[in-house]
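One file, input-v8.txt, carrying compact mmCIF, C-alpha atoms:
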# COMPACT_ATOMS: atom_id res chain seq x y z
CA MET H 1 16.85 -4.53 -5.83
CA THR H 2 20.56 -4.17 -6.22
CA ALA H 3 22.88 -1.41 -7.32
CA SER H 4 24.42 -0.90 -10.72
CA SER H 5 27.91 0.58 -11.15
CA HIS H 6 28.76 -0.94 -7.73
CA ARG H 7 26.68 1.72 -5.98
CA PRO H 8 24.90 0.29 -2.91
CA PRO H 9 21.10 0.40 -2.58
CA PRO H 10 19.93 3.63 -0.93
CA LEU H 11 18.71 2.01 2.30
CA GLN H 12 21.61 -0.40 2.76
CA GLY H 13 22.77 -0.39 6.38
CA LEU H 14 19.30 0.38 7.73
CA ARG H 15 17.99 -2.28 10.15
CA ILE H 16 14.24 -2.50 10.77
CA LEU H 17 12.45 -4.74 13.28
CA ASP H 18 9.05 -5.68 11.86
CA LEU H 19 6.39 -6.94 14.27
CA THR H 20 3.48 -6.35 11.90
CA ARG H 21 1.03 -8.84 10.39
CA LEU H 22 -1.39 -9.10 7.49
CA LEU H 23 -1.10 -6.23 4.96
CA PRO H 24 -0.33 -2.57 5.81
CA GLY H 25 2.82 -3.07 7.89
CA PRO H 26 4.32 -6.00 5.98
CA LEU H 27 3.95 -4.18 2.66
CA ALA H 28 5.49 -1.03 4.16
CA THR H 29 8.56 -2.94 5.33
CA GLN H 30 8.75 -4.82 2.03
CA HIS H 31 9.00 -1.49 0.22
CA LEU H 32 11.91 -0.55 2.48
CA ALA H 33 13.54 -3.97 2.05
CA ASP H 34 13.28 -3.66 -1.73
CA TYR H 35 15.47 -0.56 -1.54
CA GLY H 36 18.13 -2.19 0.58
CA ALA H 37 17.01 -2.11 4.21
CA GLU H 38 17.61 -5.17 6.37
CA VAL H 39 14.15 -6.12 7.65
CA ILE H 40 13.88 -8.65 10.46
CA LYS H 41 10.34 -10.03 10.67
CA VAL H 42 9.70 -10.96 14.29
CA GLU H 43 6.85 -13.45 14.76
CA ASP H 44 5.58 -15.17 17.88
CA THR H 45 6.26 -18.86 18.42
CA GLY H 46 2.61 -19.77 17.87
CA ALA H 47 0.66 -18.87 14.74
CA GLY H 48 2.91 -15.94 13.85
CA ASP H 49 1.70 -13.81 10.98
CA TYR H 50 -1.58 -15.54 10.10
CA ALA H 51 -1.38 -14.14 6.59
CA ARG H 52 0.87 -17.15 5.97
CA THR H 53 -2.22 -19.34 5.74
CA MET H 54 -4.83 -16.89 4.39
CA GLY H 55 -6.28 -17.72 0.98
CA VAL H 56 -4.88 -19.92 -1.75
CA ARG H 57 -1.44 -21.33 -1.03
CA GLY H 58 1.49 -21.38 -3.39
CA GLY H 59 3.59 -23.98 -1.60
CA ASP H 60 4.03 -23.66 2.17
CA THR H 61 2.47 -20.20 2.43
CA SER H 62 -0.34 -18.24 0.81
CA TYR H 63 0.19 -16.12 -2.28
CA PHE H 64 -1.04 -13.18 -0.22
CA TYR H 65 1.79 -13.66 2.27
CA GLN H 66 4.39 -14.18 -0.42
CA VAL H 67 3.76 -10.94 -2.28
CA VAL H 68 4.16 -8.68 0.79
CA ASN H 69 7.03 -10.36 2.66
CA ARG H 70 9.94 -10.82 0.27
CA ASN H 71 13.50 -9.75 1.10
CA LYS H 72 13.08 -10.17 4.86
CA LYS H 73 14.76 -12.25 7.52
CA SER H 74 12.57 -14.20 9.94
CA LEU H 75 12.93 -14.61 13.70
CA ARG H 76 10.44 -16.43 15.93
CA LEU H 77 10.45 -15.03 19.45
CA ASP H 78 8.09 -15.24 22.41
CA LEU H 79 7.96 -11.63 23.59
CA LYS H 80 5.85 -12.62 26.63
CA HIS H 81 8.72 -14.70 27.99
CA PRO H 82 11.35 -12.72 29.96
CA ASP H 83 14.17 -14.23 27.89
CA GLY H 84 12.34 -13.41 24.66
CA LYS H 85 11.81 -9.82 25.73
CA ALA H 86 15.47 -9.52 26.75
CA LEU H 87 16.64 -10.85 23.38
CA PHE H 88 14.36 -8.45 21.57
CA LEU H 89 15.75 -5.49 23.50
CA ARG H 90 19.25 -6.59 22.52
CA LEU H 91 18.13 -6.45 18.88
CA VAL H 92 16.68 -3.00 19.51
CA ARG H 93 20.11 -1.62 20.45
CA ASP H 94 21.38 -1.98 16.88
CA ALA H 95 18.12 -1.24 15.07
CA ASP H 96 17.22 1.96 13.25
CA ALA H 97 13.46 1.46 13.28
CA LEU H 98 10.73 -0.70 14.75
CA VAL H 99 7.29 -1.15 13.20
CA GLU H 100 4.25 -2.56 15.00
CA GLY H 101 0.57 -2.76 14.21
CA PHE H 102 -1.08 -3.76 17.48
CA ARG H 103 -3.85 -1.83 19.20
CA PRO H 104 -2.63 1.03 21.41
CA GLY H 105 -1.31 -0.24 24.73
CA VAL H 106 -0.41 -3.79 23.64
CA MET H 107 3.30 -3.07 23.29
CA ASP H 108 3.32 -1.24 26.63
CA LYS H 109 1.82 -4.33 28.31
CA LEU H 110 4.69 -6.35 26.88
CA GLY H 111 7.13 -3.84 28.32
CA LEU H 112 8.15 -2.89 24.80
CA GLY H 113 6.36 0.42 24.29
CA TYR H 114 8.12 3.46 22.85
CA ALA H 115 9.49 4.68 26.19
CA ALA H 116 11.02 1.28 27.05
CA VAL H 117 12.51 0.81 23.59
CA ALA H 118 13.84 4.38 23.39
CA ALA H 119 15.54 3.86 26.77
CA GLU H 120 17.56 1.07 25.12
CA ASN H 121 18.14 3.01 21.89
CA PRO H 122 17.34 6.76 21.92
CA ARG H 123 17.84 7.09 18.15
CA ILE H 124 15.31 4.43 17.18
CA VAL H 125 12.29 5.36 15.07
CA TYR H 126 9.25 3.56 16.50
CA CYS H 127 6.33 3.36 14.08
CA SER H 128 2.85 2.34 15.26
CA ILE H 129 0.21 1.63 12.61
CA THR H 130 -3.39 1.61 13.83
CA GLY H 131 -6.85 2.25 12.48
CA TYR H 132 -7.57 5.42 14.42
CA GLY H 133 -4.29 6.52 16.01
CA GLN H 134 -2.83 6.24 19.50
CA THR H 135 -5.21 8.74 21.09
CA GLY H 136 -8.83 9.87 20.86
CA PRO H 137 -12.18 8.23 21.68
CA TYR H 138 -11.89 5.59 18.93
CA ALA H 139 -8.25 4.63 19.58
CA LEU H 140 -9.06 1.16 20.95
CA ARG H 141 -11.81 0.28 18.49
CA ALA H 142 -11.47 -2.55 16.01
CA GLY H 143 -11.74 -1.79 12.32
CA HIS H 144 -10.90 -2.65 8.75
CA ASP H 145 -10.36 -0.62 5.61
CA ILE H 146 -14.10 -0.18 5.02
CA ASN H 147 -14.48 1.35 8.48
CA TYR H 148 -11.49 3.67 8.20
CA ILE H 149 -12.49 5.17 4.86
CA GLY H 150 -16.10 5.34 6.06
CA TYR H 151 -15.10 7.55 8.98
CA ALA H 152 -12.74 9.55 6.75
CA GLY H 153 -15.54 10.66 4.40
CA VAL H 154 -13.89 8.84 1.52
CA LEU H 155 -16.21 5.86 1.09
CA ASP H 156 -19.25 8.13 0.76
CA GLN H 157 -17.81 9.65 -2.42
CA ILE H 158 -17.04 6.38 -4.24
CA GLY H 159 -19.73 5.00 -6.54
CA SER H 160 -22.40 5.91 -9.06
CA ALA H 161 -25.15 8.49 -8.73
CA GLY H 162 -28.19 7.07 -6.99
CA ALA H 163 -26.37 3.91 -5.93
CA ALA H 164 -24.81 2.81 -2.66
CA PRO H 165 -21.14 3.55 -1.97
CA ALA H 166 -18.89 1.18 -3.93
CA LEU H 167 -16.27 -1.16 -2.51
CA SER H 168 -12.77 -1.68 -3.83
CA ASN H 169 -10.30 -4.49 -3.18
CA LEU H 170 -7.51 -1.95 -3.44
CA GLN H 171 -7.73 -0.91 0.19
CA ILE H 172 -7.43 2.86 0.35
CA GLY H 173 -7.14 3.08 4.13
CA ASP H 174 -4.86 0.08 4.56
CA LEU H 175 -2.51 0.93 1.70
CA LEU H 176 -2.54 4.71 1.36
CA GLY H 177 -3.03 5.12 5.09
CA GLY H 178 -1.24 2.18 6.66
CA THR H 179 1.47 1.35 4.13
CA MET H 180 2.51 4.52 2.35
CA ALA H 181 1.97 6.86 5.31
CA ALA H 182 4.09 4.54 7.45
CA VAL H 183 6.89 4.50 4.87
CA MET H 184 6.79 8.29 4.62
CA GLY H 185 6.66 8.78 8.39
CA MET H 186 9.54 6.42 9.05
CA LEU H 187 11.78 7.93 6.39
CA VAL H 188 11.07 11.47 7.64
CA ALA H 189 11.90 10.44 11.21
CA LEU H 190 14.97 8.45 10.13
CA ILE H 191 16.43 11.46 8.35
CA ASP H 192 15.94 13.49 11.51
CA ALA H 193 17.35 10.73 13.73
CA ARG H 194 20.53 10.53 11.67
CA ALA H 195 20.99 14.28 12.01
CA SER H 196 19.97 14.66 15.66
CA GLY H 197 20.72 11.25 17.17
CA ARG H 198 17.18 11.12 18.56
CA GLY H 199 14.34 9.00 17.24
CA ARG H 200 10.60 9.59 17.40
CA HIS H 201 7.35 7.74 17.90
CA VAL H 202 5.61 7.79 14.51
CA ASP H 203 1.85 7.53 15.09
CA VAL H 204 0.13 6.39 11.87
CA SER H 205 -3.68 6.44 11.78
CA MET H 206 -5.08 4.79 8.66
CA THR H 207 -8.26 6.85 9.00
CA HIS H 208 -6.45 10.16 9.21
CA ALA H 209 -4.00 9.34 6.41
CA ALA H 210 -6.86 8.47 4.05
CA MET H 211 -8.76 11.61 5.01
CA ALA H 212 -5.69 13.79 4.46
CA HIS H 213 -5.75 12.88 0.76
CA ALA H 214 -9.43 13.62 0.08
CA ILE H 215 -8.43 16.82 -1.67
CA PHE H 216 -11.27 17.37 -4.16
CA PRO H 217 -14.02 16.65 -1.63
CA LEU H 218 -12.35 19.08 0.77
CA ALA H 219 -12.34 21.76 -1.92
CA GLU H 220 -16.10 21.23 -2.32
CA VAL H 221 -16.65 21.60 1.42
CA LEU H 222 -14.63 24.82 1.49
CA ALA H 223 -16.47 26.25 -1.50
CA HIS H 224 -20.01 25.07 -0.80
CA GLY H 225 -20.15 23.86 2.79
CA GLY H 226 -20.52 20.21 1.81
CA VAL H 227 -19.58 17.62 -0.79
CA ARG H 228 -21.54 16.99 -3.95
CA ALA H 229 -23.73 13.92 -4.03
CA ARG H 230 -21.94 10.69 -4.93
CA GLY H 231 -21.55 10.37 -8.69
CA GLU H 232 -22.10 14.08 -9.37
CA ASP H 233 -18.60 15.40 -8.75
CA LEU H 234 -16.18 16.36 -11.52
CA LEU H 235 -14.29 13.08 -11.09
CA THR H 236 -17.18 10.72 -10.30
CA GLY H 237 -19.35 11.01 -13.39
CA GLY H 238 -20.78 14.48 -13.07
CA VAL H 239 -19.55 15.62 -16.50
CA PRO H 240 -19.43 13.86 -19.91
CA CYS H 241 -15.67 14.18 -20.41
CA TYR H 242 -14.64 12.13 -17.37
CA GLY H 243 -16.23 8.78 -16.68
CA ILE H 244 -16.58 5.07 -17.36
CA TYR H 245 -18.50 3.97 -20.44
CA GLU H 246 -19.69 0.43 -21.17
CA THR H 247 -18.82 -1.24 -24.48
CA ALA H 248 -20.81 -3.67 -26.63
CA ASP H 249 -19.21 -6.71 -24.98
CA GLY H 250 -19.90 -5.61 -21.43
CA ARG H 251 -16.38 -4.25 -20.91
CA HIS H 252 -15.58 -0.59 -20.27
CA MET H 253 -13.55 2.38 -21.49
CA ALA H 254 -12.14 5.06 -19.21
CA VAL H 255 -12.66 8.55 -20.64
CA GLY H 256 -10.41 11.08 -18.89
CA SER H 257 -10.60 13.96 -21.36
CA LEU H 258 -10.76 16.73 -18.77
CA GLU H 259 -8.78 19.28 -20.78
CA GLU H 260 -10.74 20.93 -23.58
CA LYS H 261 -8.23 19.91 -26.27
CA PHE H 262 -8.55 16.25 -25.27
CA TRP H 263 -12.34 16.38 -25.19
CA HIS H 264 -12.42 17.96 -28.64
CA LEU H 265 -10.17 15.16 -29.95
CA THR H 266 -12.45 12.60 -28.32
CA CYS H 267 -15.56 14.07 -29.93
CA ASP H 268 -13.88 14.19 -33.35
CA THR H 269 -12.76 10.55 -32.96
CA LEU H 270 -16.30 9.54 -32.02
CA GLY H 271 -17.63 11.40 -35.06
CA ARG H 272 -19.63 13.76 -32.87
CA PRO H 273 -18.07 17.23 -33.02
CA ASP H 274 -21.44 18.61 -31.93
CA LEU H 275 -20.76 17.29 -28.41
CA LYS H 276 -17.74 19.53 -27.90
CA ALA H 277 -19.83 22.20 -26.22
CA ALA H 278 -20.92 19.71 -23.56
CA HIS H 279 -17.35 19.36 -22.29
CA LEU H 280 -18.02 20.23 -18.62
CA ALA H 281 -21.79 20.33 -18.82
CA THR H 282 -23.74 19.36 -15.70
CA GLY H 283 -27.40 19.00 -14.89
CA GLU H 284 -29.82 18.02 -17.64
CA GLU H 285 -27.47 19.11 -20.42
CA GLY H 286 -24.64 17.03 -18.99
CA ALA H 287 -26.91 14.02 -18.50
CA ARG H 288 -28.08 14.17 -22.11
CA ALA H 289 -24.51 14.37 -23.39
CA ARG H 290 -23.41 11.46 -21.18
CA GLU H 291 -26.27 9.34 -22.48
CA GLU H 292 -25.29 10.08 -26.08
CA VAL H 293 -21.64 9.27 -25.42
CA ALA H 294 -22.70 6.09 -23.62
CA ALA H 295 -24.78 5.00 -26.61
CA ILE H 296 -21.82 5.51 -28.93
CA PHE H 297 -19.48 3.42 -26.77
CA ARG H 298 -22.06 0.64 -26.56
CA SER H 299 -21.90 0.32 -30.35
CA ARG H 300 -18.48 -1.39 -30.41
CA THR H 301 -16.48 -3.83 -28.32
CA GLN H 302 -13.69 -2.78 -26.04
CA ALA H 303 -11.07 -4.23 -28.42
CA GLN H 304 -12.54 -2.23 -31.29
CA TRP H 305 -12.46 0.98 -29.27
CA VAL H 306 -8.86 0.30 -28.22
CA GLU H 307 -7.94 0.03 -31.89
CA VAL H 308 -9.69 3.33 -32.56
CA PHE H 309 -8.17 5.29 -29.65
CA ASP H 310 -4.74 3.69 -29.36
CA THR H 311 -3.21 6.26 -31.70
CA VAL H 312 -5.28 9.24 -30.48
CA ASP H 313 -3.68 11.06 -27.54
CA CYS H 314 -6.85 12.12 -25.73
CA CYS H 315 -6.90 10.10 -22.48
CA VAL H 316 -9.36 7.40 -23.58
CA THR H 317 -8.15 3.97 -22.52
CA PRO H 318 -9.50 0.48 -21.73
CA VAL H 319 -10.45 -0.65 -18.25
CA LEU H 320 -8.24 -3.74 -17.96
CA ARG H 321 -8.53 -6.73 -15.69
CA LEU H 322 -5.39 -7.25 -13.60
CA GLU H 323 -4.29 -10.33 -15.56
CA GLU H 324 -4.52 -8.19 -18.71
CA ALA H 325 -2.70 -5.28 -17.09
CA MET H 326 0.16 -7.62 -16.19
CA GLU H 327 0.66 -8.32 -19.90
CA ASN H 328 0.25 -4.71 -21.01
CA PRO H 329 3.26 -3.56 -23.10
CA GLN H 330 3.92 -0.51 -20.93
CA ILE H 331 3.87 -2.58 -17.74
CA VAL H 332 6.14 -5.20 -19.31
CA ALA H 333 8.54 -2.61 -20.76
CA ARG H 334 9.09 -1.11 -17.31
CA GLY H 335 9.71 -4.49 -15.69
CA MET H 336 6.80 -4.06 -13.31
CA ILE H 337 6.13 -7.80 -13.08
CA GLN H 338 8.90 -9.97 -11.71
CA ASP H 339 9.26 -13.64 -10.94
CA VAL H 340 10.37 -14.52 -7.42
CA GLU H 341 11.06 -18.24 -7.23
CA GLY H 342 8.16 -19.09 -9.49
CA VAL H 343 5.67 -16.53 -8.13
CA ARG H 344 4.85 -13.54 -10.32
CA GLN H 345 4.52 -10.35 -8.31
CA PHE H 346 4.90 -6.60 -8.54
CA ALA H 347 8.37 -5.10 -8.75
CA PRO H 348 9.31 -2.05 -6.67
CA PRO H 349 7.32 0.74 -8.34
CA VAL H 350 9.74 3.66 -8.00
CA ARG H 351 12.71 3.69 -10.36
CA MET H 352 15.99 5.38 -9.45
CA SER H 353 19.20 6.10 -11.27
CA ASP H 354 22.03 3.66 -10.57
CA LEU H 355 19.56 1.13 -9.21
CA GLU H 356 18.00 -1.71 -11.15
CA VAL H 357 15.55 -4.45 -10.38
CA THR H 358 17.24 -7.85 -10.02
CA ALA H 359 16.46 -11.17 -8.41
CA VAL H 360 15.01 -10.84 -4.92
CA ALA H 361 14.60 -13.25 -2.03
CA ALA H 362 11.32 -15.08 -1.53
CA PRO H 363 9.65 -14.82 1.91
CA SER H 364 11.53 -16.65 4.62
CA ARG H 365 10.22 -19.67 6.47
CA ALA H 366 9.01 -18.81 9.97
CA GLY H 367 12.11 -18.55 12.14
CA GLU H 368 14.48 -19.32 9.26
CA HIS H 369 17.09 -16.79 10.45
CA SER H 370 16.65 -17.22 14.20
CA GLU H 371 19.96 -18.99 14.74
CA GLU H 372 21.89 -16.60 12.46
CA LEU H 373 20.52 -13.53 14.25
CA LEU H 374 21.08 -14.92 17.74
CA LEU H 375 24.63 -15.99 16.96
CA ALA H 376 25.26 -12.42 15.78
CA LEU H 377 24.08 -11.23 19.21
CA GLY H 378 26.82 -13.34 20.79
CA LEU H 379 24.78 -16.34 21.92
CA GLY H 380 26.36 -19.76 21.69
CA ASP H 381 24.93 -23.00 20.37
CA ALA H 382 24.11 -24.16 23.90
CA ASP H 383 22.23 -20.92 24.63
CA ILE H 384 20.21 -21.28 21.43
CA ALA H 385 19.39 -24.91 22.20
CA ARG H 386 18.18 -23.92 25.67
CA LEU H 387 15.98 -21.12 24.31
CA ARG H 388 14.52 -23.44 21.69
CA ALA H 389 13.75 -26.09 24.30
CA ALA H 390 12.03 -23.48 26.48
CA GLY H 391 9.88 -22.32 23.54
CA VAL H 392 11.39 -18.81 23.57
CA ILE H 393 12.43 -19.11 19.92
What would the structure in this file look like if it were written as structure tokens?
Amino acid sequence: MTASSHRPPPLQGLRILDLTRLLPGPLATQHLADYGAEVIKVEDTGAGDYARTMGVRGGDTSYFYQVVNRNKKSLRLDLKHPDGKALFLRLVRDADALVEGFRPGVMDKLGLGYAAVAAENPRIVYCSITGYGQTGPYALRAGHDINYIGYAGVLDQIGSAGAAPALSNLQIGDLLGGTMAAVMGMLVALIDARASGRGRHVDVSMTHAAMAHAIFPLAEVLAHGGVRARGEDLLTGGVPCYGIYETADGRHMAVGSLEEKFWHLTCDTLGRPDLKAAHLATGEEGARAREEVAAIFRSRTQAQWVEVFDTVDCCVTPVLRLEEAMENPQIVARGMIQDVEGVRQFAPPVRMSDLEVTAVAAPSRAGEHSEELLLALGLGDADIARLRAAGVI
């Protein structure tokens, strides 16, 4: 992104060292880069971020890698080599934040844990993203999104009544927990560091961050001592006015008519005003009403229902596939899809005054900015050649 009216991006001047791989950390730093931060992606001199080769490639790197690593500089550095570690600590001195996603203790073994880094730069914000946090009995366990949301009590609540928990390829733990919680934690600590001159260690647990947003299930626990069975909650199909209904062509409509006025409009549009009384009905009455609504929706195709409801403001909308969503007029009107050197991807989602989406830089080649960054540290060409020959960079 770039400023309009010559106003700089809000995070311009912020330097972030990014040691993360795969998804949560790289997407977190991409969000910050999109708003003006200088992000230096530090990869080892071997495989580096193995997301580069995961899945279908669009050129030299995978599409997966490309859509979470734009707007960053790239430095290859062997942190296990004394010279590599020394160079990294020199970078630390002028950095505002560092982000890493290794298991607890890995950075300490490299001599680059929070204490060592803060000794070089007391104002640095040091963010660690892990599955279970830096402490506790599970701290060193391996895991993935499915494990984190399983422990958090979130996975249990996703799915239909009588069926197994459902999976989603929008990773709740990785993205809500690892990406957005990291962005929030870093920005909170950076504001404090600018005021106090002292940084902090930001400990992000993907499990805890996902759990902290399970608001409706928590309300059930407080009220009744436990959650409702999967598929029987207000938001998971327990009432007729809020749920997913299949259409004649095997597609689906999302009915979100929680408010009474919206449900009444929905019933009138369906030609069934008699169902208005079943608005928040549960139990047998609710099941009967849901079955009747389901039968009505199965009578027409999704396209036909879209034509019916498109002009009725009652929270009934189609369930789109992503390729359809990318062409949706609202998505297009807001510039949510952008082209970055031939690859369509999501634009920064948060709009701000005096800031507009413009052309952005595609992901860097591994080590593309190594020489530029080392020259800025005061190294000469001979020094860089020696480090390259030794495999440090």
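Near Gly25 of chain H, within a cut-off of 8 Å and counting only C-alpha atoms, sit the residues Asp18, Thr20, Val99, Glu100, Gly101, Ile129, Gly178, Thr179 and Ala182 of chain H, with same-chain residues fewer than 5 positions away left out.
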Need to verify the contact set: segment 110-119 of chain H, 9 Å, all atoms listed in the file, exclusion of same-chain residues closer than 4 positions in sequence. Can you return it as number ranges by chain? H: 79-80, 85, 88-89, 92-93, 105-106, 123-127, 198-201
Rounded to one decimal in Å, what is the spacing between atom CA of Leu265 of chain H and atom CA of Val293 of chain H? 13.7 Å
Quick one: of H:Pro329, H:Gly256, H:Gly177, H:Gly13, who's nearest to Cys314 of chain H, counting all atoms listed in the file? H:Gly256
For segment 190-269 of chain H against segment 160-165 of chain H, with a cut-off of 10 Å and counting all atoms listed in the file, what is the closest atom pair and its distance in Å to one decimal for every residue that makes the cut, ordered by chain and number, as a Markdown table?
| residue | atom | partner | partner_atom | distance |
| --- | --- | --- | --- | --- |
| H:Ala229 | CA | H:Ala161 | CA | 7.3 |
| H:Arg230 | CA | H:Ala161 | CA | 5.4 |
| H:Gly231 | CA | H:Ala161 | CA | 4.1 |
| H:Glu232 | CA | H:Ala161 | CA | 6.4 |
| H:Asp233 | CA | H:Ala161 | CA | 9.5 |
| H:Thr236 | CA | H:Ser160 | CA | 7.2 |
| H:Gly237 | CA | H:Ser160 | CA | 7.4 |
| H:Gly238 | CA | H:Ala161 | CA | 8.6 |
